[in-house]
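S.K.: Mind looking over this structure? Questions follow.
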Amino acid sequence: MSSLSLAYLMPALPEIFMALSGLGLLVVGVFLGNGGTRTISWSVAVSFAVAALLLLGLDWDRIETFNGMFVLDRFTGFMKLFVLVGLITSVMISVRFLYQVQIARFEYPVLMLFAGLGMMIMISANNMLVLYMGLELQSLALYVLAAFRRDQNRAAEAGIKYFILGALASGMLLFGTSMIYGYTGSIDFDVIGQTLANNPVADTGLIVGLVFVLVSMAFKVSAVPFHMWTPDVYEGAPTSVTAFFAIVPKLAAMAILVRVLYGPFMSISADWQQIIWFMAAASLIVSSFAGLAQKNIKRLMAYSSIGNMGYALIGVAAGTQVGVGAVVLYMIIYMIMTAGVFSVILMMRRNGIGAEDIEDLSGLSTNSPLLAAALAILLFSMAGIPPMAGFFGKLLIFNAAVSAGMFNLAVLGVLASVVAAFYYLRIIKVMYFDEAVDPFDQQIAFSKRAVLLLSVLFITLFILKPDALIATSMSAAAALFTG
Amino acid sequence: MITSLAFYLFASILVLSALMVITARNPVHSVLFLILGFFNAAGLFVLLGAEFIAMILVIVYVGAVAVLFLFVVMMLDISFSDLRKGAMQYVPMGLVIGAVLLLEFFTLFGAWQFAPEAMGQVSAPIAADSELTNTEALGQLVYTKYFLPFQLAGLILLVAMIGAIVLTHRQRSGVYKQRVAEQFARKREDAMEVRKVSSGSGA
């Protein structure tokens with residue numbers, strides 16, 4: 001393909017559009033000032049939507065461009081589409097919040113746009129260098145967002161903590177990459193994969209390099225033992241940022257983790273499967289027991305997300321196509337449930353001040369029965385109780401683990417979900433059976449209601465036609481196995 | 001002969017100045033030794049034939065980073081002796097961890113293998129007999145083969161800049177800004193007033 005033809009740029013069209021609209025909106029934002037935050041936010045949401053349309057318009061058969069550094073196939077296309085959906089949702093539920101806590105600055109949505117661009121690039125990376133660049137673009141924007149409420153000590157602390165640990169993780173990624181390059185002589189995914197396939201007994205140095213890369217990615221998906229930052233950052237960051245952190249970057253990080261392991265390192269899967277196995281088991285155990293003691297709902301959601309990453313990692317550890325399909329479906333359902341839960345958390349405001357404790361939900365069923373019912377449905381789904389969508393996600397994961405012969409991991413997963421069900425059900429108990437406290441503020445933005453409604457509808461109606469999404473997830477996973 | 005002499009000269013000064021960076025009592029001296037260290041490291045790179053990295057080291061690290069350090073050290077009101085208080089208690093543990101890590105890397109390095117085809121697929125080799133300097137070789141790659149990472153690096157720097165502005169810029173009251181448009185729009189009537197002053201009574 002000639003480097004001057006338009007076809008060369010086409011596979012990256014959504015990313016190019018996002019980059020250009022980010023630059024454009026930055027200029028517009030400077031002219032509008034902070035009063036234009038609402039306009040810029042909605043423009044960013046529209047850019048995400050246009051990028052999604054552009055992505056849908058592309059042909060998703062595997063194609064490489066930028067000298068093999070960027071790849072678009074069914075898997076990356078599908079994951080990027082849902083990343084964009086998550087991005088649109090997180091912009092929608094955060095606009096009003098920015099004004100409520102007086103951090104309405106136009107850079108906020110622009111940073112979200114660049115973070116989203118980083119995720120898209122990262123998912124499509126076909127080269128360790130581009131992977132690093134995408135990861136860094138995403139992380140750098142996220143660090144700033146975490147500390148966005150800079151006059152608050154806790155937000156600043158969250159930002160610093162996230163930044164230092166994130167920088168360490170980036171360093172590890174580069175160090176591991178250098179070792180992989182040292183063994184194979186290439187940073188290109190395809191060449192690494194080919195070299196490893198030709199040499200079945202890999203060198204120890206390469207394994208050490210892979211471990212470093214895995215550590216860095218485990219940090220990004222916050223899998224135990226690299227989860228320490230998650231509760232503090234989730235609690236300290238402004239709630240809309242926490243929602244963003246919980247909804248989107250996890251999906252992107254899991255996608256690139258799967259692409260790295262099932263792409264270049266597929267032929268040494270026996271080596272990484274034990275590492276993922278351990279991280280999955282540790283995440284499940286730590287999150288379910290640590291979650292029991294939490295009083296702050298944002299911290300609780302942090303442990304919940306660690307646990308959910310544990311379930312997804314079970315599917316990754318399986319090392320099969322069914323496993324990857326289950327991971328894709330699980331992550332999508334998790335993303336939709338989290339969007340719903342966080343739109344409720346963002347609605348928890350009493351006399352203009354955000355309420356963040358589980359106790360604040362006391363008697364929600366008498367004050368606002370619909371909201372309580374919606375949250376109850378979401379939490380039942382999180383706990384994995386049929387017939388909600390969350391149940392099917394877990395079912396597929398356990399199915400993949402059992403068919404790969406990982407019975408102990410499947411049993412551990414079921415036991416952990418029993419423990420975790422306790423803290424989800426405790427919230428429901430607080431809402432329905434505790435003494436009512438003052439009602440929440442009634443003015444709720446339409447976009448938040450819409451996100452909550454869509455999320456609840458998806459969760460409850462998933463059972464009517466589960467095959468559609470499951471089949472798409474499986475065919476997305478199949479794209480990783482045809483090469 | 002000359003080369004090995006130059007190597008030992010650069011290397012020993014580098015190690016000594018690095019040692020001085022962490023032992024000097026005066027932080028300004030530390031930064032100056034750091035600059036000396038950078039220059040010597042640049043010399044080592046020149047000996048290796050990597051003149052581009054040597055240039056970058058001098059321009060970026062000496063010209064920007066070290067001078068910035070110097071500014072920070074001289075301008076900020078931080079008592080470095082207070083910061084250093086209690087640092088000694090971490091030395092034994094730090095040495096142990098450092099030694100273990102070093103040992104592990106030596107083990108790894110000793111047993112290092114290359115994939116048989118590694119030499120053939122090195123990312124961007126320069127032919128041994130080519131006349132290219134490595135600055136030219138890099139220039140030929142950055143805008144062509146590595147076009148995508150190059151553009152992404154630009155975006156990352158932009159985000160870093162936005163972040164720095166968002167996190168530090170604040171509206172101060174009582175600061176006079178120059179607004180050129182307003183200055184031009186000002187008419188004589190706004191600025192001055194002509195009054196008749198009757199003689200003997202004052203303004």
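Every chain in the structure tokens takes a letter, A first, then B, and so on in the order presented; its residues are numbered from 1, and the ligands are numbered from 1 following the presented order.
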Please provide the set of residues having any atom within 8 Å of A:Phe106, restricted to only C-alpha atoms, with same-chain residues fewer than 6 positions apart removed, written as an MDAnalysis selection string.
M.R.: chainID A and resid 29:30 33:38 40:41
S.K.: Write out the residues from the selection above, keeping N, CA, C and O atoms, as a JSON list (two decimals), in the first residue's frame.
M.R.:
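Result file result.json:
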[["chain", "number", "residue", "atom", "x", "y", "z"],
["A", 29, "GLY", "N", -12.79, 25.94, 22.85],
["A", 29, "GLY", "CA", -12.90, 26.08, 24.29],
["A", 29, "GLY", "C", -12.16, 27.29, 24.81],
["A", 29, "GLY", "O", -12.65, 28.00, 25.69],
["A", 30, "VAL", "N", -10.99, 27.55, 24.24],
["A", 30, "VAL", "CA", -10.22, 28.71, 24.68],
["A", 30, "VAL", "C", -11.01, 29.99, 24.42],
["A", 30, "VAL", "O", -11.04, 30.90, 25.24],
["A", 33, "GLY", "N", -14.22, 30.01, 26.79],
["A", 33, "GLY", "CA", -13.93, 30.11, 28.21],
["A", 33, "GLY", "C", -14.64, 29.01, 28.97],
["A", 33, "GLY", "O", -15.30, 28.14, 28.38],
["A", 34, "ASN", "N", -14.57, 29.09, 30.31],
["A", 34, "ASN", "CA", -15.15, 28.00, 31.09],
["A", 34, "ASN", "C", -16.67, 28.00, 31.04],
["A", 34, "ASN", "O", -17.30, 27.01, 31.41],
["A", 35, "GLY", "N", -17.28, 29.10, 30.58],
["A", 35, "GLY", "CA", -18.72, 29.10, 30.42],
["A", 35, "GLY", "C", -19.16, 28.13, 29.33],
["A", 35, "GLY", "O", -20.31, 27.71, 29.30],
["A", 36, "GLY", "N", -18.24, 27.79, 28.44],
["A", 36, "GLY", "CA", -18.58, 26.91, 27.33],
["A", 36, "GLY", "C", -18.43, 25.44, 27.65],
["A", 36, "GLY", "O", -18.50, 24.61, 26.74],
["A", 37, "THR", "N", -18.25, 25.10, 28.93],
["A", 37, "THR", "CA", -18.01, 23.70, 29.26],
["A", 37, "THR", "C", -19.13, 22.80, 28.78],
["A", 37, "THR", "O", -18.90, 21.71, 28.24],
["A", 38, "ARG", "N", -20.38, 23.28, 28.94],
["A", 38, "ARG", "CA", -21.52, 22.46, 28.53],
["A", 38, "ARG", "C", -21.47, 22.21, 27.02],
["A", 38, "ARG", "O", -21.58, 21.06, 26.57],
["A", 40, "ILE", "N", -18.89, 22.36, 25.01],
["A", 40, "ILE", "CA", -17.76, 21.51, 24.64],
["A", 40, "ILE", "C", -18.05, 20.06, 25.02],
["A", 40, "ILE", "O", -17.76, 19.13, 24.26],
["A", 41, "SER", "N", -18.67, 19.87, 26.20],
["A", 41, "SER", "CA", -18.97, 18.50, 26.62],
["A", 41, "SER", "C", -19.85, 17.80, 25.61],
["A", 41, "SER", "O", -19.56, 16.67, 25.19]]
S.K.: Counting only C-alpha atoms, what is within 10 Å of A:Ile428, bar same-chain residues fewer than 6 positions away, as a list in words?
M.R.: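 Near A:Ile428, the qualifying residues are Ile358, Leu361, Ser362, Gly363, Leu364, Ser365, Ala372, Ala373, Leu375, Ala376, Ile377, Leu379, Phe380, Phe422 and Asp434 of chain A.
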S.K.: Let me see the file: selected residues, C-alpha atoms, as a PDB file, in the first residue's frame.
M.R.:
ATOM      1  CA  ILE A 358     -23.852   3.570  51.967  1.00  0.00           C
ATOM      2  CA  LEU A 361     -29.096   5.385  50.939  1.00  0.00           C
ATOM      3  CA  SER A 362     -31.169   4.463  54.027  1.00  0.00           C
ATOM      4  CA  GLY A 363     -34.850   4.212  53.221  1.00  0.00           C
ATOM      5  CA  LEU A 364     -34.380   5.218  49.615  1.00  0.00           C
ATOM      6  CA  SER A 365     -37.337   2.949  48.783  1.00  0.00           C
ATOM      7  CA  ALA A 372     -34.304   2.306  44.661  1.00  0.00           C
ATOM      8  CA  ALA A 373     -35.813  -0.319  42.375  1.00  0.00           C
ATOM      9  CA  LEU A 375     -30.380   0.372  41.872  1.00  0.00           C
ATOM     10  CA  ALA A 376     -31.649  -2.898  43.322  1.00  0.00           C
ATOM     11  CA  ILE A 377     -31.907  -4.412  39.840  1.00  0.00           C
ATOM     12  CA  LEU A 379     -26.974  -4.671  42.237  1.00  0.00           C
ATOM     13  CA  PHE A 380     -28.759  -7.993  41.776  1.00  0.00           C
ATOM     14  CA  PHE A 422     -23.302 -10.055  50.682  1.00  0.00           C
ATOM     15  CA  ASP A 434     -33.548   0.878  57.152  1.00  0.00           C
TER      16      ASP A 434
END
S.K.: Quick one: which residues from chain B are at most 12 Å off chain A, using only C-alpha atoms, as an MDAnalysis selection string?
M.R.: chainID B and resid 104:125 141 143:171
S.K.: I need the chosen residues saved as a PDB file, in the first residue's frame, with C-alpha atoms.
M.R.:
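Saved result, again_12.pdb, follows:
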ATOM      1  CA  GLU B 104      19.184 -11.142  39.430  1.00  0.00           C
ATOM      2  CA  PHE B 105      20.023  -9.028  36.416  1.00  0.00           C
ATOM      3  CA  PHE B 106      23.500 -10.516  36.218  1.00  0.00           C
ATOM      4  CA  THR B 107      22.012 -14.001  36.287  1.00  0.00           C
ATOM      5  CA  LEU B 108      19.601 -13.011  33.553  1.00  0.00           C
ATOM      6  CA  PHE B 109      22.326 -11.349  31.516  1.00  0.00           C
ATOM      7  CA  GLY B 110      24.661 -14.318  31.874  1.00  0.00           C
ATOM      8  CA  ALA B 111      22.070 -16.735  30.566  1.00  0.00           C
ATOM      9  CA  TRP B 112      20.811 -14.402  27.853  1.00  0.00           C
ATOM     10  CA  GLN B 113      19.906 -15.976  24.554  1.00  0.00           C
ATOM     11  CA  PHE B 114      18.827 -14.477  21.297  1.00  0.00           C
ATOM     12  CA  ALA B 115      16.245 -16.068  19.100  1.00  0.00           C
ATOM     13  CA  PRO B 116      18.121 -17.526  16.103  1.00  0.00           C
ATOM     14  CA  GLU B 117      16.370 -15.146  13.708  1.00  0.00           C
ATOM     15  CA  ALA B 118      16.678 -12.094  15.969  1.00  0.00           C
ATOM     16  CA  MET B 119      19.617 -10.588  14.101  1.00  0.00           C
ATOM     17  CA  GLY B 120      17.750 -10.763  10.814  1.00  0.00           C
ATOM     18  CA  GLN B 121      14.685  -8.887  12.058  1.00  0.00           C
ATOM     19  CA  VAL B 122      16.202  -6.062  14.093  1.00  0.00           C
ATOM     20  CA  SER B 123      13.780  -3.176  13.742  1.00  0.00           C
ATOM     21  CA  ALA B 124      15.758  -0.602  11.741  1.00  0.00           C
ATOM     22  CA  PRO B 125      19.334  -1.689  11.107  1.00  0.00           C
ATOM     23  CA  LEU B 141      12.684   6.768   9.853  1.00  0.00           C
ATOM     24  CA  TYR B 143       8.650  10.766   9.531  1.00  0.00           C
ATOM     25  CA  THR B 144       8.085   7.631   7.474  1.00  0.00           C
ATOM     26  CA  LYS B 145       8.092   4.289   9.207  1.00  0.00           C
ATOM     27  CA  TYR B 146       7.454   5.685  12.671  1.00  0.00           C
ATOM     28  CA  PHE B 147       5.001   8.343  11.527  1.00  0.00           C
ATOM     29  CA  LEU B 148       2.193   7.131  13.832  1.00  0.00           C
ATOM     30  CA  PRO B 149       4.241   7.030  17.070  1.00  0.00           C
ATOM     31  CA  PHE B 150       5.715  10.412  16.159  1.00  0.00           C
ATOM     32  CA  GLN B 151       2.276  12.000  15.862  1.00  0.00           C
ATOM     33  CA  LEU B 152       1.144  10.279  19.061  1.00  0.00           C
ATOM     34  CA  ALA B 153       4.153  11.667  20.894  1.00  0.00           C
ATOM     35  CA  GLY B 154       2.991  15.120  19.804  1.00  0.00           C
ATOM     36  CA  LEU B 155      -0.486  14.469  21.225  1.00  0.00           C
ATOM     37  CA  ILE B 156       0.985  13.195  24.489  1.00  0.00           C
ATOM     38  CA  LEU B 157       2.995  16.396  24.846  1.00  0.00           C
ATOM     39  CA  LEU B 158      -0.134  18.425  24.132  1.00  0.00           C
ATOM     40  CA  VAL B 159      -2.040  16.559  26.856  1.00  0.00           C
ATOM     41  CA  ALA B 160       0.874  17.097  29.246  1.00  0.00           C
ATOM     42  CA  MET B 161       0.718  20.801  28.497  1.00  0.00           C
ATOM     43  CA  ILE B 162      -3.062  20.972  29.006  1.00  0.00           C
ATOM     44  CA  GLY B 163      -2.627  19.067  32.247  1.00  0.00           C
ATOM     45  CA  ALA B 164       0.043  21.398  33.556  1.00  0.00           C
ATOM     46  CA  ILE B 165      -2.128  24.412  32.766  1.00  0.00           C
ATOM     47  CA  VAL B 166      -5.282  22.901  34.264  1.00  0.00           C
ATOM     48  CA  LEU B 167      -3.574  21.900  37.483  1.00  0.00           C
ATOM     49  CA  THR B 168      -1.569  25.042  38.118  1.00  0.00           C
ATOM     50  CA  HIS B 169      -3.139  28.015  36.362  1.00  0.00           C
ATOM     51  CA  ARG B 170      -5.452  30.026  38.534  1.00  0.00           C
ATOM     52  CA  GLN B 171      -7.192  33.337  38.129  1.00  0.00           C
TER      53      GLN B 171
END
S.K.: What does the distance from atom CA of A:Asn399 to atom CA of A:Gly323 come to in Å, to one decimal?
M.R.: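 According to the coordinates, atom CA of A:Asn399 and atom CA of A:Gly323 are separated by 8.4 Å.
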S.K.: Per DSSP on the backbone, what are the strand (DSSP E or B) residues of stretch 157-396 of chain A, as number ranges by chain?
M.R.: A: 188, 296, 349-350, 353-354, 357
S.K.: May I have the residues from that selection written out with N, CA and C atoms, as a short mmCIF file (atom, residue, chain, number, x, y, z; two decimals), in the first residue's frame?
M.R.:
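Result file follows (out.cif):
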data_model
loop_
_atom_site.label_atom_id
_atom_site.label_comp_id
_atom_site.auth_asym_id
_atom_site.auth_seq_id
_atom_site.Cartn_x
_atom_site.Cartn_y
_atom_site.Cartn_z
N ASP A 188 7.40 -5.61 16.83
CA ASP A 188 6.18 -5.78 16.07
C ASP A 188 5.46 -7.04 16.55
N ASN A 296 -17.92 3.56 52.37
CA ASN A 296 -18.06 4.55 51.30
C ASN A 296 -18.41 3.82 50.01
N ARG A 349 -27.28 13.37 45.96
CA ARG A 349 -26.88 14.69 46.45
C ARG A 349 -27.95 15.18 47.41
N ARG A 350 -27.49 15.67 48.56
CA ARG A 350 -28.45 16.14 49.55
C ARG A 350 -28.13 17.60 49.83
N ILE A 353 -24.95 18.86 48.32
CA ILE A 353 -23.67 18.25 48.68
C ILE A 353 -23.74 16.77 48.38
N GLY A 354 -22.69 16.27 47.74
CA GLY A 354 -22.67 14.86 47.36
C GLY A 354 -22.65 13.96 48.58
N ASP A 357 -21.79 7.88 51.33
CA ASP A 357 -21.77 6.71 52.20
C ASP A 357 -22.95 5.80 51.90
#
S.K.: As a count of residues only, please: every residue in stretch 70-313 of chain A that a backbone DSSP assignment puts in helix (DSSP H, G or I).
M.R.: 199
S.K.: Give me the residues near stretch 213-227 of chain A as a PDB file with all heavy atoms, in the first residue's frame, where near means some atom within 7 Å (using only C-alpha atoms) and where sequence neighbours in that chain fewer than 3 positions away do not count.
M.R.:
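This went into out-v1.pdb:
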ATOM      1  N   ALA A 169       4.387   1.835  36.466  1.00  0.00           N
ATOM      2  CA  ALA A 169       3.878   0.784  35.584  1.00  0.00           C
ATOM      3  C   ALA A 169       4.342   1.016  34.148  1.00  0.00           C
ATOM      4  O   ALA A 169       4.723   0.069  33.455  1.00  0.00           O
ATOM      5  CB  ALA A 169       2.356   0.737  35.654  1.00  0.00           C
ATOM      6  N   SER A 170       4.350   2.289  33.694  1.00  0.00           N
ATOM      7  CA  SER A 170       4.820   2.572  32.335  1.00  0.00           C
ATOM      8  C   SER A 170       6.279   2.189  32.193  1.00  0.00           C
ATOM      9  O   SER A 170       6.690   1.617  31.181  1.00  0.00           O
ATOM     10  CB  SER A 170       4.676   4.056  32.017  1.00  0.00           C
ATOM     11  OG  SER A 170       3.335   4.408  32.042  1.00  0.00           O
ATOM     12  N   MET A 172       7.825  -0.108  33.792  1.00  0.00           N
ATOM     13  CA  MET A 172       7.929  -1.566  33.725  1.00  0.00           C
ATOM     14  C   MET A 172       7.568  -2.076  32.344  1.00  0.00           C
ATOM     15  O   MET A 172       8.180  -3.017  31.838  1.00  0.00           O
ATOM     16  CB  MET A 172       7.015  -2.191  34.766  1.00  0.00           C
ATOM     17  CG  MET A 172       7.519  -1.942  36.148  1.00  0.00           C
ATOM     18  SD  MET A 172       6.772  -3.096  37.274  1.00  0.00           S
ATOM     19  CE  MET A 172       7.757  -2.796  38.710  1.00  0.00           C
ATOM     20  N   LEU A 173       6.561  -1.432  31.742  1.00  0.00           N
ATOM     21  CA  LEU A 173       6.174  -1.840  30.389  1.00  0.00           C
ATOM     22  C   LEU A 173       7.357  -1.665  29.445  1.00  0.00           C
ATOM     23  O   LEU A 173       7.682  -2.559  28.658  1.00  0.00           O
ATOM     24  CB  LEU A 173       4.980  -1.012  29.913  1.00  0.00           C
ATOM     25  CG  LEU A 173       4.506  -1.323  28.503  1.00  0.00           C
ATOM     26  CD1 LEU A 173       3.844  -2.677  28.457  1.00  0.00           C
ATOM     27  CD2 LEU A 173       3.555  -0.281  27.987  1.00  0.00           C
ATOM     28  N   GLY A 176      10.140  -4.245  30.229  1.00  0.00           N
ATOM     29  CA  GLY A 176       9.768  -5.557  29.705  1.00  0.00           C
ATOM     30  C   GLY A 176       9.870  -5.603  28.195  1.00  0.00           C
ATOM     31  O   GLY A 176      10.373  -6.574  27.620  1.00  0.00           O
ATOM     32  N   THR A 177       9.427  -4.517  27.552  1.00  0.00           N
ATOM     33  CA  THR A 177       9.496  -4.473  26.096  1.00  0.00           C
ATOM     34  C   THR A 177      10.940  -4.575  25.623  1.00  0.00           C
ATOM     35  O   THR A 177      11.231  -5.254  24.633  1.00  0.00           O
ATOM     36  CB  THR A 177       8.874  -3.163  25.578  1.00  0.00           C
ATOM     37  OG1 THR A 177       7.588  -3.032  26.128  1.00  0.00           O
ATOM     38  CG2 THR A 177       8.779  -3.165  24.082  1.00  0.00           C
ATOM     39  N   GLY A 209      10.725 -10.493  30.645  1.00  0.00           N
ATOM     40  CA  GLY A 209      10.169  -9.339  29.947  1.00  0.00           C
ATOM     41  C   GLY A 209       8.663  -9.391  29.901  1.00  0.00           C
ATOM     42  O   GLY A 209       7.972  -8.400  30.168  1.00  0.00           O
ATOM     43  N   LEU A 210       8.118 -10.570  29.600  1.00  0.00           N
ATOM     44  CA  LEU A 210       6.662 -10.722  29.542  1.00  0.00           C
ATOM     45  C   LEU A 210       6.044 -10.452  30.908  1.00  0.00           C
ATOM     46  O   LEU A 210       4.978  -9.828  31.003  1.00  0.00           O
ATOM     47  CB  LEU A 210       6.311 -12.139  29.057  1.00  0.00           C
ATOM     48  CG  LEU A 210       4.829 -12.475  29.036  1.00  0.00           C
ATOM     49  CD1 LEU A 210       4.091 -11.561  28.090  1.00  0.00           C
ATOM     50  CD2 LEU A 210       4.605 -13.923  28.638  1.00  0.00           C
ATOM     51  N   THR A 230      -6.376   1.569  43.522  1.00  0.00           N
ATOM     52  CA  THR A 230      -7.760   1.701  43.081  1.00  0.00           C
ATOM     53  C   THR A 230      -8.690   2.321  44.121  1.00  0.00           C
ATOM     54  O   THR A 230      -9.357   3.315  43.815  1.00  0.00           O
ATOM     55  CB  THR A 230      -8.310   0.345  42.619  1.00  0.00           C
ATOM     56  OG1 THR A 230      -7.275  -0.347  41.957  1.00  0.00           O
ATOM     57  CG2 THR A 230      -9.480   0.516  41.712  1.00  0.00           C
ATOM     58  N   LYS A 250     -11.008   0.297  31.967  1.00  0.00           N
ATOM     59  CA  LYS A 250     -10.888  -1.132  32.265  1.00  0.00           C
ATOM     60  C   LYS A 250     -11.151  -1.964  31.021  1.00  0.00           C
ATOM     61  O   LYS A 250     -10.457  -2.937  30.746  1.00  0.00           O
ATOM     62  CB  LYS A 250     -11.900  -1.527  33.349  1.00  0.00           C
ATOM     63  CG  LYS A 250     -11.652  -0.901  34.678  1.00  0.00           C
ATOM     64  CD  LYS A 250     -10.484  -1.556  35.367  1.00  0.00           C
ATOM     65  CE  LYS A 250     -10.043  -0.811  36.593  1.00  0.00           C
ATOM     66  NZ  LYS A 250     -10.953  -0.932  37.699  1.00  0.00           N
ATOM     67  N   ALA A 253      -8.153  -1.621  28.691  1.00  0.00           N
ATOM     68  CA  ALA A 253      -6.964  -2.320  29.181  1.00  0.00           C
ATOM     69  C   ALA A 253      -7.144  -3.826  29.046  1.00  0.00           C
ATOM     70  O   ALA A 253      -6.211  -4.544  28.675  1.00  0.00           O
ATOM     71  CB  ALA A 253      -6.692  -1.936  30.631  1.00  0.00           C
ATOM     72  N   MET A 254      -8.361  -4.315  29.336  1.00  0.00           N
ATOM     73  CA  MET A 254      -8.593  -5.748  29.213  1.00  0.00           C
ATOM     74  C   MET A 254      -8.468  -6.174  27.749  1.00  0.00           C
ATOM     75  O   MET A 254      -7.921  -7.231  27.447  1.00  0.00           O
ATOM     76  CB  MET A 254      -9.976  -6.086  29.776  1.00  0.00           C
ATOM     77  CG  MET A 254     -10.211  -7.549  30.033  1.00  0.00           C
ATOM     78  SD  MET A 254      -8.995  -8.293  31.105  1.00  0.00           S
ATOM     79  CE  MET A 254      -9.678  -8.040  32.714  1.00  0.00           C
ATOM     80  N   LEU A 257      -4.826  -6.344  26.884  1.00  0.00           N
ATOM     81  CA  LEU A 257      -4.220  -7.492  27.572  1.00  0.00           C
ATOM     82  C   LEU A 257      -4.497  -8.769  26.785  1.00  0.00           C
ATOM     83  O   LEU A 257      -3.596  -9.576  26.521  1.00  0.00           O
ATOM     84  CB  LEU A 257      -4.788  -7.609  28.992  1.00  0.00           C
ATOM     85  CG  LEU A 257      -4.315  -8.810  29.799  1.00  0.00           C
ATOM     86  CD1 LEU A 257      -2.846  -8.686  30.117  1.00  0.00           C
ATOM     87  CD2 LEU A 257      -5.099  -8.961  31.087  1.00  0.00           C
ATOM     88  N   MET A 279      -3.414 -14.137  39.412  1.00  0.00           N
ATOM     89  CA  MET A 279      -4.002 -12.797  39.565  1.00  0.00           C
ATOM     90  C   MET A 279      -5.513 -12.884  39.669  1.00  0.00           C
ATOM     91  O   MET A 279      -6.132 -12.149  40.455  1.00  0.00           O
ATOM     92  CB  MET A 279      -3.594 -11.894  38.401  1.00  0.00           C
ATOM     93  CG  MET A 279      -2.128 -11.519  38.437  1.00  0.00           C
ATOM     94  SD  MET A 279      -1.732 -10.078  37.464  1.00  0.00           S
ATOM     95  CE  MET A 279      -2.115 -10.621  35.836  1.00  0.00           C
ATOM     96  N   ALA A 282      -6.354 -14.222  43.208  1.00  0.00           N
ATOM     97  CA  ALA A 282      -6.074 -13.225  44.243  1.00  0.00           C
ATOM     98  C   ALA A 282      -7.077 -12.078  44.176  1.00  0.00           C
ATOM     99  O   ALA A 282      -7.560 -11.605  45.214  1.00  0.00           O
ATOM    100  CB  ALA A 282      -4.650 -12.701  44.079  1.00  0.00           C
ATOM    101  N   SER A 283      -7.423 -11.632  42.957  1.00  0.00           N
ATOM    102  CA  SER A 283      -8.382 -10.530  42.835  1.00  0.00           C
ATOM    103  C   SER A 283      -9.720 -10.922  43.436  1.00  0.00           C
ATOM    104  O   SER A 283     -10.353 -10.128  44.151  1.00  0.00           O
ATOM    105  CB  SER A 283      -8.593 -10.163  41.370  1.00  0.00           C
ATOM    106  OG  SER A 283      -7.394  -9.840  40.768  1.00  0.00           O
ATOM    107  N   ILE A 306     -12.384  -4.467  41.167  1.00  0.00           N
ATOM    108  CA  ILE A 306     -11.261  -5.410  41.263  1.00  0.00           C
ATOM    109  C   ILE A 306     -11.783  -6.839  41.140  1.00  0.00           C
ATOM    110  O   ILE A 306     -11.228  -7.670  40.414  1.00  0.00           O
ATOM    111  CB  ILE A 306     -10.517  -5.218  42.601  1.00  0.00           C
ATOM    112  CG1 ILE A 306      -9.866  -3.844  42.648  1.00  0.00           C
ATOM    113  CG2 ILE A 306      -9.465  -6.294  42.788  1.00  0.00           C
ATOM    114  CD1 ILE A 306      -9.298  -3.491  43.999  1.00  0.00           C
ATOM    115  N   MET A 309     -12.741  -7.661  37.603  1.00  0.00           N
ATOM    116  CA  MET A 309     -11.561  -7.946  36.792  1.00  0.00           C
ATOM    117  C   MET A 309     -11.079  -9.369  37.065  1.00  0.00           C
ATOM    118  O   MET A 309     -10.585 -10.049  36.175  1.00  0.00           O
ATOM    119  CB  MET A 309     -10.437  -6.957  37.088  1.00  0.00           C
ATOM    120  CG  MET A 309     -10.718  -5.546  36.644  1.00  0.00           C
ATOM    121  SD  MET A 309     -11.220  -5.469  34.936  1.00  0.00           S
ATOM    122  CE  MET A 309     -12.812  -4.726  35.141  1.00  0.00           C
ATOM    123  N   GLY A 310     -11.242  -9.799  38.325  1.00  0.00           N
ATOM    124  CA  GLY A 310     -10.877 -11.176  38.649  1.00  0.00           C
ATOM    125  C   GLY A 310     -11.666 -12.166  37.812  1.00  0.00           C
ATOM    126  O   GLY A 310     -11.102 -13.101  37.241  1.00  0.00           O
TER     127      GLY A 310
END
S.K.: Determine, counting only C-alpha atoms, which protein, DNA and RNA residues have an atom within 7 Å of an atom of stretch 259-266 of chain A; residues of the same chain fewer than 3 positions away are not included. Present the result as a PyMOL selection string.
M.R.: chain A and resi 189-190+192-193+255-256+269+480
S.K.: Tell me which protein, DNA and RNA residues are within 8 Å of stretch 40-49 of chain B, counting only C-alpha atoms, leaving out same-chain ones fewer than 4 positions away, and put them as JSON, numbers by chain.
M.R.: {"B": [3, 7, 10, 11, 13, 14, 36, 53, 54, 55, 57, 58]}
S.K.: Hey, what's within 9 Å of stretch 74-90 of chain B if we count only C-alpha atoms and toss same-chain stuff fewer than 6 positions away? As a PyMOL selection string, please?
M.R.: chain B and resi 25-28
S.K.: Take the selection from the previous step and output its residues with C-alpha atoms, as a PDB file, in the first residue's frame.
M.R.:
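As written to disk, out_36.pdb reads:
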ATOM      1  CA  ARG B  25      26.111  18.920  51.001  1.00  0.00           C
ATOM      2  CA  ASN B  26      25.121  21.895  48.897  1.00  0.00           C
ATOM      3  CA  PRO B  27      22.248  21.091  46.488  1.00  0.00           C
ATOM      4  CA  VAL B  28      23.524  23.618  43.940  1.00  0.00           C
TER       5      VAL B  28
END
S.K.: Find, counting only C-alpha atoms, the residue in A:Trp272, A:Leu313, A:Ala420, A:Thr89 that gets nearest to A:Ala450.
M.R.: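 The closest residue to A:Ala450 is A:Thr89.
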